[in-house]
file model_36.txt (compact mmCIF, C-alpha atoms)
# COMPACT_ATOMS: atom_id res chain seq x y z
CA MET A 153 -26.00 26.19 29.39
CA ILE A 154 -27.26 22.82 28.18
CA LYS A 155 -26.49 20.46 31.06
CA PHE A 156 -24.80 17.17 30.32
CA LEU A 157 -27.45 15.46 32.48
CA ASP A 158 -30.35 17.14 34.29
CA LEU A 159 -31.12 14.73 37.13
CA HIS A 160 -33.66 17.03 38.73
CA LYS A 161 -35.66 17.19 35.50
CA ILE A 162 -35.45 13.42 35.08
CA ASN A 163 -36.78 12.68 38.56
CA GLU A 164 -39.30 15.52 38.71
CA ARG A 165 -41.46 13.63 36.20
CA TYR A 166 -42.18 11.02 38.86
CA ARG A 167 -42.15 13.36 41.88
CA SER A 168 -45.55 12.40 43.30
CA GLU A 169 -44.85 8.67 42.98
CA LEU A 170 -41.39 9.04 44.51
CA ASP A 171 -42.79 11.08 47.39
CA GLU A 172 -45.42 8.41 48.02
CA ALA A 173 -42.78 5.66 47.89
CA VAL A 174 -40.63 7.41 50.50
CA LYS A 175 -43.65 8.06 52.72
CA ARG A 176 -44.64 4.41 52.48
CA VAL A 177 -41.21 3.32 53.69
CA ILE A 178 -41.13 5.85 56.52
CA ASP A 179 -44.59 4.78 57.66
CA SER A 180 -43.64 1.11 57.53
CA GLY A 181 -40.91 1.41 60.15
CA ARG A 182 -38.83 -1.13 58.17
CA TYR A 183 -35.82 0.41 56.47
CA LEU A 184 -33.60 -2.55 55.49
CA LEU A 185 -34.34 -5.94 53.92
CA GLY A 186 -38.07 -5.40 53.88
CA ALA A 187 -40.98 -5.60 51.47
CA GLU A 188 -39.73 -2.82 49.17
CA ASN A 189 -36.41 -4.54 48.57
CA GLU A 190 -38.11 -7.84 47.88
CA ARG A 191 -40.64 -6.26 45.51
CA PHE A 192 -38.05 -4.36 43.51
CA CYS A 193 -35.65 -7.29 43.28
CA ASN A 194 -38.44 -9.56 42.04
CA ASN A 195 -39.52 -6.98 39.47
CA PHE A 196 -35.99 -6.24 38.29
CA ALA A 197 -35.21 -9.95 37.92
CA ALA A 198 -38.35 -10.31 35.82
CA TYR A 199 -37.35 -7.29 33.73
CA CYS A 200 -33.89 -8.73 33.04
CA GLY A 201 -35.26 -12.22 32.47
CA SER A 202 -33.19 -13.72 35.28
CA LYS A 203 -34.47 -15.93 38.08
CA TYR A 204 -32.84 -14.05 40.95
CA CYS A 205 -31.89 -10.52 41.91
CA VAL A 206 -30.11 -9.48 45.12
CA GLY A 207 -29.95 -5.82 46.07
CA THR A 208 -26.57 -4.37 47.06
CA ALA A 209 -25.30 -1.04 48.37
CA ASN A 210 -23.71 -0.07 45.04
CA GLY A 211 -22.45 -1.42 41.73
CA LEU A 212 -18.87 -1.99 42.89
CA ASP A 213 -20.15 -4.19 45.72
CA ALA A 214 -22.33 -6.10 43.25
CA LEU A 215 -19.22 -7.14 41.31
CA ARG A 216 -17.24 -7.86 44.49
CA LEU A 217 -20.04 -10.02 45.85
CA ILE A 218 -20.16 -12.10 42.66
CA ILE A 219 -16.42 -12.76 42.89
CA MET A 220 -16.70 -13.57 46.60
CA GLY A 221 -19.74 -15.73 45.96
CA TYR A 222 -17.80 -17.85 43.48
CA GLY A 223 -14.97 -18.19 45.99
CA PHE A 224 -12.34 -16.61 43.75
CA GLY A 225 -9.39 -15.18 45.65
CA ASN A 226 -5.64 -14.77 45.97
CA GLY A 227 -3.86 -15.26 42.65
CA ASP A 228 -6.95 -16.20 40.65
CA GLU A 229 -7.03 -14.39 37.32
CA ILE A 230 -10.05 -12.64 35.87
CA ILE A 231 -9.94 -11.41 32.29
CA VAL A 232 -11.37 -7.91 31.96
CA PRO A 233 -11.45 -5.15 29.32
CA ALA A 234 -8.65 -2.61 29.49
CA ASN A 235 -11.16 0.08 28.51
CA THR A 236 -13.57 0.48 31.41
CA TYR A 237 -14.34 2.53 34.49
CA ILE A 238 -11.95 1.72 37.31
CA ALA A 239 -14.67 0.08 39.46
CA THR A 240 -14.51 -3.02 37.25
CA ILE A 241 -10.81 -3.45 38.08
CA LEU A 242 -11.24 -2.48 41.74
CA ALA A 243 -13.76 -5.27 42.27
CA ILE A 244 -11.18 -7.80 41.09
CA THR A 245 -8.18 -6.54 43.06
CA GLN A 246 -10.16 -5.94 46.24
CA CYS A 247 -10.99 -9.65 46.26
CA GLY A 248 -7.31 -10.56 45.94
CA CYS A 249 -7.65 -11.60 42.31
CA VAL A 250 -5.47 -10.56 39.39
CA PRO A 251 -6.98 -8.49 36.57
CA VAL A 252 -5.78 -9.58 33.13
CA LEU A 253 -6.50 -6.74 30.73
CA VAL A 254 -7.62 -7.22 27.13
CA GLU A 255 -7.85 -4.47 24.53
CA PRO A 256 -11.24 -3.30 23.18
CA ASP A 257 -12.70 -3.24 19.71
CA ILE A 258 -12.13 0.37 18.62
CA ARG A 259 -15.63 0.52 17.13
CA THR A 260 -17.69 -0.60 20.11
CA TYR A 261 -15.25 0.31 22.92
CA ASN A 262 -16.03 -3.15 24.38
CA ILE A 263 -13.63 -6.06 24.89
CA ASP A 264 -12.36 -7.67 21.67
CA PRO A 265 -13.30 -11.39 21.88
CA SER A 266 -10.56 -12.34 19.41
CA LEU A 267 -7.93 -11.30 21.96
CA ILE A 268 -9.31 -13.18 24.98
CA GLU A 269 -8.16 -16.74 24.37
CA GLU A 270 -4.46 -15.87 24.26
CA LYS A 271 -4.72 -14.44 27.79
CA ILE A 272 -6.16 -17.60 29.37
CA THR A 273 -3.87 -19.50 31.78
CA SER A 274 -4.27 -22.26 34.35
CA LYS A 275 -5.10 -19.52 36.88
CA THR A 276 -7.95 -17.99 34.87
CA LYS A 277 -11.32 -18.33 36.59
CA ALA A 278 -13.62 -15.93 34.74
CA VAL A 279 -14.12 -13.33 32.06
CA MET A 280 -15.69 -10.16 33.40
CA THR A 281 -17.05 -8.31 30.41
CA VAL A 282 -18.37 -4.75 30.46
CA HIS A 283 -21.34 -3.46 28.47
CA LEU A 284 -19.83 -0.01 28.09
CA TYR A 285 -21.94 3.10 27.46
CA GLY A 286 -25.13 1.04 27.03
CA GLN A 287 -24.11 -1.50 24.37
CA THR A 288 -23.55 -5.15 25.25
CA ALA A 289 -20.25 -6.82 24.54
CA ASP A 290 -20.18 -9.58 21.91
CA ILE A 291 -21.53 -12.13 24.37
CA SER A 292 -22.04 -14.91 21.81
CA ALA A 293 -18.34 -14.93 20.91
CA ILE A 294 -17.25 -14.57 24.54
CA ARG A 295 -19.56 -17.36 25.74
CA LYS A 296 -18.00 -19.80 23.26
CA ILE A 297 -14.62 -19.12 24.88
CA THR A 298 -15.81 -19.36 28.49
CA ASP A 299 -17.66 -22.60 27.73
CA LYS A 300 -14.60 -24.04 26.01
CA TYR A 301 -12.38 -23.42 29.04
CA GLY A 302 -14.95 -23.88 31.81
CA LEU A 303 -14.81 -20.25 32.92
CA LYS A 304 -17.47 -18.11 34.53
CA LEU A 305 -18.87 -15.24 32.48
CA ILE A 306 -19.57 -12.20 34.63
CA GLU A 307 -21.32 -9.11 33.25
CA ASP A 308 -20.53 -5.62 34.45
CA ALA A 309 -23.90 -4.26 33.39
CA ALA A 310 -23.65 -0.98 35.32
CA GLN A 311 -24.32 1.07 32.17
CA ALA A 312 -26.63 -1.30 30.31
CA HIS A 313 -30.06 -1.47 31.96
CA GLY A 314 -32.32 -2.81 29.23
CA ALA A 315 -29.62 -3.35 26.61
CA LEU A 316 -30.17 -6.40 24.41
CA HIS A 317 -27.99 -9.02 22.75
CA LYS A 318 -29.88 -11.22 20.30
CA GLY A 319 -33.12 -10.53 22.12
CA ALA A 320 -31.87 -11.26 25.65
CA LYS A 321 -31.32 -8.50 28.17
CA ALA A 322 -28.14 -7.54 29.95
CA GLY A 323 -28.27 -9.21 33.34
CA ASN A 324 -29.30 -12.50 31.77
CA LEU A 325 -26.44 -13.05 29.31
CA GLY A 326 -23.73 -14.52 31.54
CA ASP A 327 -23.53 -16.56 34.73
CA ALA A 328 -24.04 -13.47 36.89
CA ALA A 329 -24.27 -9.72 36.42
CA GLY A 330 -23.56 -6.68 38.53
CA PHE A 331 -25.66 -3.52 38.15
CA SER A 332 -25.22 0.00 39.48
CA PHE A 333 -28.16 2.29 40.23
CA TYR A 334 -26.00 5.39 40.63
CA PRO A 335 -28.27 8.44 40.02
CA GLY A 336 -27.01 9.07 36.48
CA LYS A 337 -27.67 5.54 35.20
CA ASN A 338 -30.55 4.70 32.86
CA LEU A 339 -32.21 3.27 35.97
CA GLY A 340 -30.87 5.40 38.79
CA CYS A 341 -31.88 5.84 42.39
CA LEU A 342 -31.49 9.01 44.46
CA GLY A 343 -28.31 7.85 46.14
CA ASP A 344 -26.21 4.73 45.84
CA GLY A 345 -27.55 1.30 44.99
CA GLY A 346 -26.76 -1.86 43.05
CA ALA A 347 -27.85 -5.42 42.36
CA VAL A 348 -26.67 -8.87 41.32
CA THR A 349 -28.75 -10.89 38.87
CA THR A 350 -28.23 -14.58 38.17
CA ASN A 351 -30.01 -17.85 37.37
CA ASP A 352 -27.88 -19.73 39.91
CA PRO A 353 -29.83 -20.28 43.15
CA ASP A 354 -26.73 -21.17 45.16
CA LEU A 355 -24.88 -18.04 44.05
CA ALA A 356 -27.91 -15.86 44.79
CA LYS A 357 -28.19 -17.24 48.33
CA LYS A 358 -24.49 -16.83 48.94
CA VAL A 359 -24.36 -13.28 47.57
CA LYS A 360 -27.31 -12.29 49.76
CA ALA A 361 -25.68 -13.78 52.84
CA ILE A 362 -22.20 -12.36 52.20
CA GLY A 363 -23.71 -8.90 51.70
CA ASN A 364 -25.46 -9.22 55.07
CA TYR A 365 -22.31 -9.73 57.17
CA GLY A 366 -22.11 -13.32 55.93
CA SER A 367 -25.33 -14.17 57.71
CA ARG A 368 -28.62 -15.81 56.79
CA LYS A 369 -29.85 -15.71 60.38
CA LYS A 370 -29.11 -12.84 62.72
CA TYR A 371 -25.96 -13.35 64.81
CA GLU A 372 -25.09 -16.54 62.94
CA ASN A 373 -22.32 -15.81 60.41
CA ILE A 374 -21.43 -18.55 57.97
CA TYR A 375 -19.15 -16.41 55.72
CA PRO A 376 -16.68 -13.60 56.45
CA GLY A 377 -19.09 -11.15 54.86
CA ILE A 378 -19.47 -7.44 54.29
CA ASN A 379 -22.26 -4.92 54.82
CA SER A 380 -23.80 -4.22 51.41
CA ARG A 381 -27.57 -3.96 51.25
CA LEU A 382 -29.98 -1.95 49.11
CA ASP A 383 -31.99 0.14 51.56
CA GLU A 384 -35.77 0.26 51.49
CA ILE A 385 -36.13 3.88 50.37
CA GLN A 386 -33.86 3.42 47.35
CA ALA A 387 -35.56 0.12 46.48
CA ALA A 388 -38.97 1.79 46.61
CA MET A 389 -37.87 4.65 44.37
CA LEU A 390 -36.20 2.27 41.92
CA ASP A 391 -39.40 0.28 41.67
CA VAL A 392 -41.24 3.45 40.68
CA LYS A 393 -38.70 4.30 38.00
CA LEU A 394 -38.44 0.73 36.70
CA LYS A 395 -41.98 1.08 35.32
CA TYR A 396 -40.73 3.82 33.00
CA LEU A 397 -37.35 2.37 32.06
CA GLU A 398 -38.40 1.01 28.66
CA LYS A 399 -39.99 4.32 27.69
CA ASP A 400 -36.90 6.22 28.86
CA ASN A 401 -34.60 3.90 26.94
CA GLU A 402 -36.65 4.37 23.78
CA ARG A 403 -36.32 8.14 24.19
CA ARG A 404 -32.53 7.77 24.50
CA ILE A 405 -32.46 5.61 21.37
CA GLU A 406 -34.51 8.19 19.47
CA ALA A 407 -32.20 10.99 20.61
CA ALA A 408 -29.14 8.98 19.55
CA ALA A 409 -30.67 8.30 16.13
CA TYR A 410 -31.33 12.03 15.68
CA TYR A 411 -27.68 12.81 16.44
CA LYS A 412 -26.45 10.13 14.05
CA GLU A 413 -28.74 11.33 11.27
CA ASN A 414 -27.73 14.96 11.57
CA ILE A 415 -24.15 15.24 12.85
CA ARG A 416 -21.89 15.64 9.83
CA ASN A 417 -18.28 16.44 10.63
CA ASP A 418 -15.19 14.63 9.38
CA LYS A 419 -13.41 15.44 12.66
CA ILE A 420 -16.00 13.43 14.63
CA THR A 421 -16.49 9.65 14.77
CA LEU A 422 -20.01 8.72 15.85
CA PRO A 423 -20.86 5.66 17.99
CA PHE A 424 -21.00 2.29 16.25
CA GLU A 425 -24.07 0.18 16.94
CA SER A 426 -24.02 -3.60 16.56
CA LYS A 427 -26.90 -5.13 14.62
CA GLU A 428 -27.03 -8.02 17.11
CA GLY A 429 -28.53 -6.01 19.93
CA ARG A 430 -30.09 -2.85 21.29
CA HIS A 431 -27.83 -0.01 22.41
CA VAL A 432 -29.58 1.97 25.19
CA TYR A 433 -27.18 4.93 25.06
CA HIS A 434 -26.33 5.50 28.68
CA ILE A 435 -23.61 7.64 27.10
CA PHE A 436 -23.40 9.10 23.58
CA ALA A 437 -19.64 9.04 23.11
CA VAL A 438 -17.90 10.43 20.05
CA LEU A 439 -14.23 10.29 19.11
CA SER A 440 -12.12 13.22 17.96
CA SER A 441 -8.37 13.60 17.60
CA GLU A 442 -8.99 17.19 18.69
CA ARG A 443 -11.07 16.21 21.71
CA ASP A 444 -9.83 18.86 24.14
CA ARG A 445 -10.31 21.68 21.65
CA LEU A 446 -13.77 20.29 20.79
CA GLN A 447 -14.77 20.22 24.45
CA LYS A 448 -13.70 23.83 24.98
CA TYR A 449 -15.42 24.89 21.77
CA LEU A 450 -18.70 23.31 22.92
CA ALA A 451 -18.37 24.82 26.40
CA ASP A 452 -17.99 28.25 24.80
CA LYS A 453 -21.23 27.53 22.95
CA GLY A 454 -23.00 26.74 26.23
CA ILE A 455 -22.89 22.95 25.93
CA GLU A 456 -21.65 20.85 28.85
CA THR A 457 -19.76 17.65 27.95
CA LEU A 458 -17.88 15.02 29.94
CA ILE A 459 -14.99 12.66 29.28
CA HIS A 460 -15.68 8.97 29.97
CA TYR A 461 -12.87 8.42 30.92
CA PRO A 462 -9.77 10.64 30.81
CA VAL A 463 -7.32 8.15 32.37
CA PRO A 464 -7.40 4.36 31.67
CA PRO A 465 -7.32 2.07 34.71
CA HIS A 466 -3.83 0.73 34.08
CA LYS A 467 -2.45 4.29 34.22
CA GLN A 468 -4.15 5.23 37.49
CA GLU A 469 -1.84 5.99 40.42
CA CYS A 470 -3.35 3.20 42.53
CA TYR A 471 -2.24 0.59 39.96
CA LYS A 472 1.16 2.06 39.18
CA GLY A 473 3.53 -0.86 38.60
CA ALA A 474 0.79 -3.40 39.36
CA ILE A 475 -0.67 -3.92 35.90
CA ALA A 476 1.77 -4.97 33.21
CA GLY A 477 1.43 -4.31 29.52
CA GLU A 478 0.73 -1.56 27.04
CA PHE A 479 -2.78 -0.92 25.78
CA PRO A 480 -2.56 1.53 22.87
CA ILE A 481 -6.15 1.08 21.66
CA SER A 482 -7.53 1.83 25.13
CA CYS A 483 -5.20 4.82 25.45
CA LYS A 484 -6.34 6.14 22.07
CA ILE A 485 -9.97 5.94 23.20
CA HIS A 486 -9.25 7.67 26.50
CA GLU A 487 -7.35 10.43 24.70
CA SER A 488 -10.03 11.13 22.09
CA ILE A 489 -13.44 10.29 23.58
CA LEU A 490 -16.04 12.90 24.46
CA SER A 491 -19.58 12.42 25.73
CA ILE A 492 -22.25 14.86 24.56
CA PRO A 493 -25.60 15.34 26.30
CA ILE A 494 -28.19 12.58 26.02
CA SER A 495 -31.03 11.65 28.34
CA PRO A 496 -34.75 10.83 28.27
CA VAL A 497 -35.54 14.52 28.91
CA ILE A 498 -33.29 16.17 26.33
CA GLU A 499 -35.32 18.52 24.13
CA LYS A 500 -35.20 18.60 20.34
CA ASN A 501 -34.19 22.27 20.36
CA GLU A 502 -31.29 21.40 22.66
CA GLN A 503 -30.18 18.64 20.30
CA ASP A 504 -30.46 21.02 17.36
CA LYS A 505 -28.17 23.48 19.14
CA ILE A 506 -25.67 20.70 19.90
CA ILE A 507 -25.79 19.39 16.30
CA GLU A 508 -25.24 22.87 14.88
CA ALA A 509 -22.26 23.42 17.19
CA VAL A 510 -20.67 20.03 16.46
CA ASN A 511 -21.13 20.45 12.71
CA GLY A 512 -19.53 23.87 12.93
CA PHE A 513 -16.41 22.62 14.68
call {"tool": "encode", "arguments": {"input": "model_36.txt", "output": "C-alpha cells"}}
result
Amino acid sequence: MIKFLDLHKINERYRSELDEAVKRVIDSGRYLLGAENERFCNNFAAYCGSKYCVGTANGLDALRLIIMGYGFGNGDEIIVPANTYIATILAITQCGCVPVLVEPDIRTYNIDPSLIEEKITSKTKAVMTVHLYGQTADISAIRKITDKYGLKLIEDAAQAHGALHKGAKAGNLGDAAGFSFYPGKNLGCLGDGGAVTTNDPDLAKKVKAIGNYGSRKKYENIYPGINSRLDEIQAAMLDVKLKYLEKDNERRIEAAAYYKENIRNDKITLPFESKEGRHVYHIFAVLSSERDRLQKYLADKGIETLIHYPVPPHKQECYKGAIAGEFPISCKIHESILSIPISPVIEKNEQDKIIEAVNGF
C-alpha cells in the first residue's frame, strides 16, 4: 500500500536533530514560553517576512486570537470562502462573529474575489481568506477591496507554509495570518501547534497576552483571555524542521510537476496553478465526476487517497440552519475532489505506480 502520507518517514530524516531538541528542552527545565519558543517564533517570522510571530496551541486558536485581538465580536461579519476546512468557520463563530460565505474560483478552489464586494455590509469587519491546498488566494485583488472599504485582511495560511504571491510569502500578505503546525502540514510538529504572524506590534502584543490567559504579567489579567501557547518541545522540533522547509517544498513542487506532466486521463482534472505565485502543494487535489469510483479503484491498486473535504462547512450538522444560502460551486468541489499522495519523501517509483493507475481509470 502506498500511504497517502508517511509521517514517520518524513520525520525520521531528522531523527537525531529532533532527539537532541527534545533533550535540550527536558534538560532546560523550562517547558512553556521559554527560549525555544522565542527562537522559533523569531526564525519563522523571518522566514515569512513578517515582523512578529506569536506561537499558539494550534491553528484554530491562531485564527481565534487574531479575531479576538482585533476586538471583533457579536454580530460583526467576516467574509470567508465557502470552500474551506471547517476550522476557518469555527474561528469566526466561536468569537461571536457571523461568517459570510463566498463561493470559490472552480480552478483554484480559493475564494473568488469578484464575488466579495457584493457581500460587504455595514457590519463587515474583515475578509478571512484561505490559501487552500498550498496555493495563495488572489491577494492583490482581495487587498484592493479590503483597502477600499477599510477592512482587515486575515490569512488562513494553515496549508501554505512557504507559498508565494508575487514574491511575498504567505503570512506576510495580509494584516495578520494564522498558521497550523498539525503533523501533516508542510511544516508540521509532532503534536498540535500554531502561530500568528503580523507586522502590527499592537496586535502581536495583544495576541500574545490573550493566549496567555489575557496576561502580560503573572496574576495580572488585562483581557478575558484563553490558554493557547506553543510548548517548548514543539517549538524546538519546529525550529529543526524549519531549516529544511524550502527543500521539502521544492520536492513537493517537483512531485506535482511530475504528476502534471504524466497524468493523462479525460476523467481527471489536474490542479490549476496561478502564474502569480508559488504553489507548495500541501495537497495534490484532482477533480473527477466519478470520484468515489476512482477512490475505490485506486484503493484496489494499493494506493491510499483522501477527500479534502467530503462535506462543506455550511452543510455540517453544527451549522444546520445557521448559515444561509446555496453554494453550488463549493458543493461540486466537495463532491468531486480527491487527494492523491504527495510529500517530500514520495518516491519516483511510487509516483509511477500512481500515474499508471490514474491513467488506466
call {"tool": "closest_residue", "arguments": {"input": "model_36.txt", "among": "A:Ala243, A:Leu316, A:Met220, A:Ile489", "to": "Ser440 (chain A)", "atoms": "all atoms listed in the file"}}
result
A:Ile489
call {"tool": "closest_atom_pairs", "arguments": {"input": "model_36.txt", "of": "region 183-237 of chain A", "to": "region 392-408 of chain A", "cutoff": "12 Å", "atoms": "only C-alpha atoms", "output": "JSON lines"}}
result
{"residue": "A:Glu188", "atom": "CA", "partner": "A:Val392", "partner_atom": "CA", "distance": 10.7}
{"residue": "A:Arg191", "atom": "CA", "partner": "A:Val392", "partner_atom": "CA", "distance": 10.9}
{"residue": "A:Phe192", "atom": "CA", "partner": "A:Leu394", "partner_atom": "CA", "distance": 8.5}
{"residue": "A:Cys193", "atom": "CA", "partner": "A:Leu394", "partner_atom": "CA", "distance": 10.7}
{"residue": "A:Asn194", "atom": "CA", "partner": "A:Leu394", "partner_atom": "CA", "distance": 11.6}
{"residue": "A:Asn195", "atom": "CA", "partner": "A:Leu394", "partner_atom": "CA", "distance": 8.3}
{"residue": "A:Phe196", "atom": "CA", "partner": "A:Leu394", "partner_atom": "CA", "distance": 7.6}
{"residue": "A:Ala197", "atom": "CA", "partner": "A:Leu394", "partner_atom": "CA", "distance": 11.2}
{"residue": "A:Ala198", "atom": "CA", "partner": "A:Leu394", "partner_atom": "CA", "distance": 11.1}
{"residue": "A:Tyr199", "atom": "CA", "partner": "A:Leu394", "partner_atom": "CA", "distance": 8.6}
{"residue": "A:Cys200", "atom": "CA", "partner": "A:Leu394", "partner_atom": "CA", "distance": 11.1}
call {"tool": "residues_around", "arguments": {"input": "model_36.txt", "residues": "Ser441 (chain A)", "least_positions_apart": "6", "cutoff": "10 Å", "atoms": "only C-alpha atoms", "output": "count of residues only"}}
result
8
call {"tool": "closest_residue", "arguments": {"input": "model_36.txt", "among": "A:Ala289, A:Ile241, A:Ser332, A:Glu270", "to": "Gln468 (chain A)", "atoms": "only C-alpha atoms"}}
result
A:Ile241
call {"tool": "atom_distance", "arguments": {"input": "model_36.txt", "atom1": "CA of Ile231 (chain A)", "atom2": "CA of Asp308 (chain A)"}}
result
12.3 Å
call {"tool": "atom_distance", "arguments": {"input": "model_36.txt", "atom1": "CA of Gly454 (chain A)", "atom2": "CA of Ile154 (chain A)"}}
result
6.1 Å
call {"tool": "atom_distance", "arguments": {"input": "model_36.txt", "atom1": "CA of Thr350 (chain A)", "atom2": "CA of Asn189 (chain A)"}}
result
16.6 Å
call {"tool": "closest_residue", "arguments": {"input": "model_36.txt", "among": "A:Arg430, A:Lys300, A:Lys277, A:Arg445", "to": "Ala322 (chain A)", "atoms": "all atoms listed in the file"}}
result
A:Arg430
call {"tool": "closest_residue", "arguments": {"input": "model_36.txt", "among": "A:Lys304, A:Lys505, A:Lys155, A:Lys321", "to": "Gly201 (chain A)", "atoms": "all atoms listed in the file"}}
result
A:Lys321
call {"tool": "closest_atom_pairs", "arguments": {"input": "model_36.txt", "of": "region 362-440 of chain A", "to": "region 171-174 of chain A", "cutoff": "9 Å", "atoms": "all atoms listed in the file", "output": "Markdown table"}}
result
| residue | atom | partner | partner_atom | distance |
| --- | --- | --- | --- | --- |
| A:Glu384 | CA | A:Val174 | CA | 8.7 |
| A:Ile385 | CA | A:Val174 | CA | 5.7 |
| A:Gln386 | CA | A:Val174 | CA | 8.5 |
| A:Ala388 | CA | A:Ala173 | CA | 5.6 |
| A:Met389 | CA | A:Ala173 | CA | 6.1 |
| A:Asp391 | CA | A:Ala173 | CA | 8.9 |
| A:Val392 | CA | A:Ala173 | CA | 7.7 |
call {"tool": "write_last_selection", "arguments": {"input": "model_36.txt", "atoms": "C-alpha atoms", "output": "PDB file, in the coordinates of the input"}}
result
ATOM      1  CA  GLU A 384     -35.770   0.260  51.490  1.00  0.00           C
ATOM      2  CA  ILE A 385     -36.130   3.880  50.370  1.00  0.00           C
ATOM      3  CA  GLN A 386     -33.860   3.420  47.350  1.00  0.00           C
ATOM      4  CA  ALA A 388     -38.970   1.790  46.610  1.00  0.00           C
ATOM      5  CA  MET A 389     -37.870   4.650  44.370  1.00  0.00           C
ATOM      6  CA  ASP A 391     -39.400   0.280  41.670  1.00  0.00           C
ATOM      7  CA  VAL A 392     -41.240   3.450  40.680  1.00  0.00           C
TER       8      VAL A 392
END
call {"tool": "axis_aligned_box", "arguments": {"input": "model_36.txt", "around": "region 317-326 of chain A", "padding_each_side": "8 Å", "output": "lines of an AutoDock Vina configuration file"}}
result
center_x = -28.4
center_y = -11.0
center_z = 26.8
size_x = 25.4
size_y = 23.0
size_z = 29.0
call {"tool": "closest_residue", "arguments": {"input": "model_36.txt", "among": "A:Met280, A:Ile507, A:Met153, A:Leu212", "to": "Ala347 (chain A)", "atoms": "all atoms listed in the file"}}
result
A:Leu212
call {"tool": "closest_atom_pairs", "arguments": {"input": "model_36.txt", "of": "region 421-485 of chain A", "to": "region 254-265 of chain A", "cutoff": "8 Å", "atoms": "all atoms listed in the file", "output": "Markdown table"}}
result
| residue | atom | partner | partner_atom | distance |
| --- | --- | --- | --- | --- |
| A:Pro423 | CA | A:Thr260 | CA | 7.3 |
| A:Phe424 | CA | A:Arg259 | CA | 5.7 |
| A:Glu425 | CA | A:Thr260 | CA | 7.2 |
| A:Ser426 | CA | A:Thr260 | CA | 7.9 |
| A:Phe479 | CA | A:Glu255 | CA | 6.3 |
| A:Ile481 | CA | A:Glu255 | CA | 6.5 |
| A:Ser482 | CA | A:Glu255 | CA | 6.3 |
| A:Ile485 | CA | A:Ile258 | CA | 7.5 |
call {"tool": "residues_near_point", "arguments": {"input": "model_36.txt", "point": "(-17.3, -12.2, 25.6)", "cutoff": "9 Å", "atoms": "all atoms listed in the file", "output": "ChimeraX atom specification"}}
result
/A:263-265,268,279-282,289-298,305
call {"tool": "closest_atom_pairs", "arguments": {"input": "model_36.txt", "of": "region 157-199 of chain A", "to": "region 378-381 of chain A", "cutoff": "12 Å", "atoms": "all atoms listed in the file", "output": "CSV"}}
result
residue,atom,partner,partner_atom,distance
A:Tyr183,CA,A:Arg381,CA,10.7
A:Leu184,CA,A:Arg381,CA,7.5
A:Leu185,CA,A:Arg381,CA,7.5
A:Gly186,CA,A:Arg381,CA,10.9
A:Asn189,CA,A:Arg381,CA,9.3
A:Glu190,CA,A:Arg381,CA,11.7
A:Cys193,CA,A:Arg381,CA,11.8
call {"tool": "closest_residue", "arguments": {"input": "model_36.txt", "among": "A:Thr240, A:Ser367, A:Asn338, A:Asn210", "to": "Ile494 (chain A)", "atoms": "all atoms listed in the file"}}
result
A:Asn338
call {"tool": "residues_near_point", "arguments": {"input": "model_36.txt", "point": "(-30.5, 15.8, 14.5)", "cutoff": "10 Å", "atoms": "only C-alpha atoms", "output": "short mmCIF file (atom, residue, chain, number, x, y, z; two decimals) with C-alpha atoms, keeping the file's coordinate frame"}}
result
data_model
loop_
_atom_site.label_atom_id
_atom_site.label_comp_id
_atom_site.auth_asym_id
_atom_site.auth_seq_id
_atom_site.Cartn_x
_atom_site.Cartn_y
_atom_site.Cartn_z
CA GLU A 406 -34.51 8.19 19.47
CA ALA A 407 -32.20 10.99 20.61
CA ALA A 408 -29.14 8.98 19.55
CA ALA A 409 -30.67 8.30 16.13
CA TYR A 410 -31.33 12.03 15.68
CA TYR A 411 -27.68 12.81 16.44
CA LYS A 412 -26.45 10.13 14.05
CA GLU A 413 -28.74 11.33 11.27
CA ASN A 414 -27.73 14.96 11.57
CA ILE A 415 -24.15 15.24 12.85
CA ARG A 416 -21.89 15.64 9.83
CA LYS A 500 -35.20 18.60 20.34
CA ASN A 501 -34.19 22.27 20.36
CA GLU A 502 -31.29 21.40 22.66
CA GLN A 503 -30.18 18.64 20.30
CA ASP A 504 -30.46 21.02 17.36
CA LYS A 505 -28.17 23.48 19.14
CA ILE A 506 -25.67 20.70 19.90
CA ILE A 507 -25.79 19.39 16.30
CA GLU A 508 -25.24 22.87 14.88
#
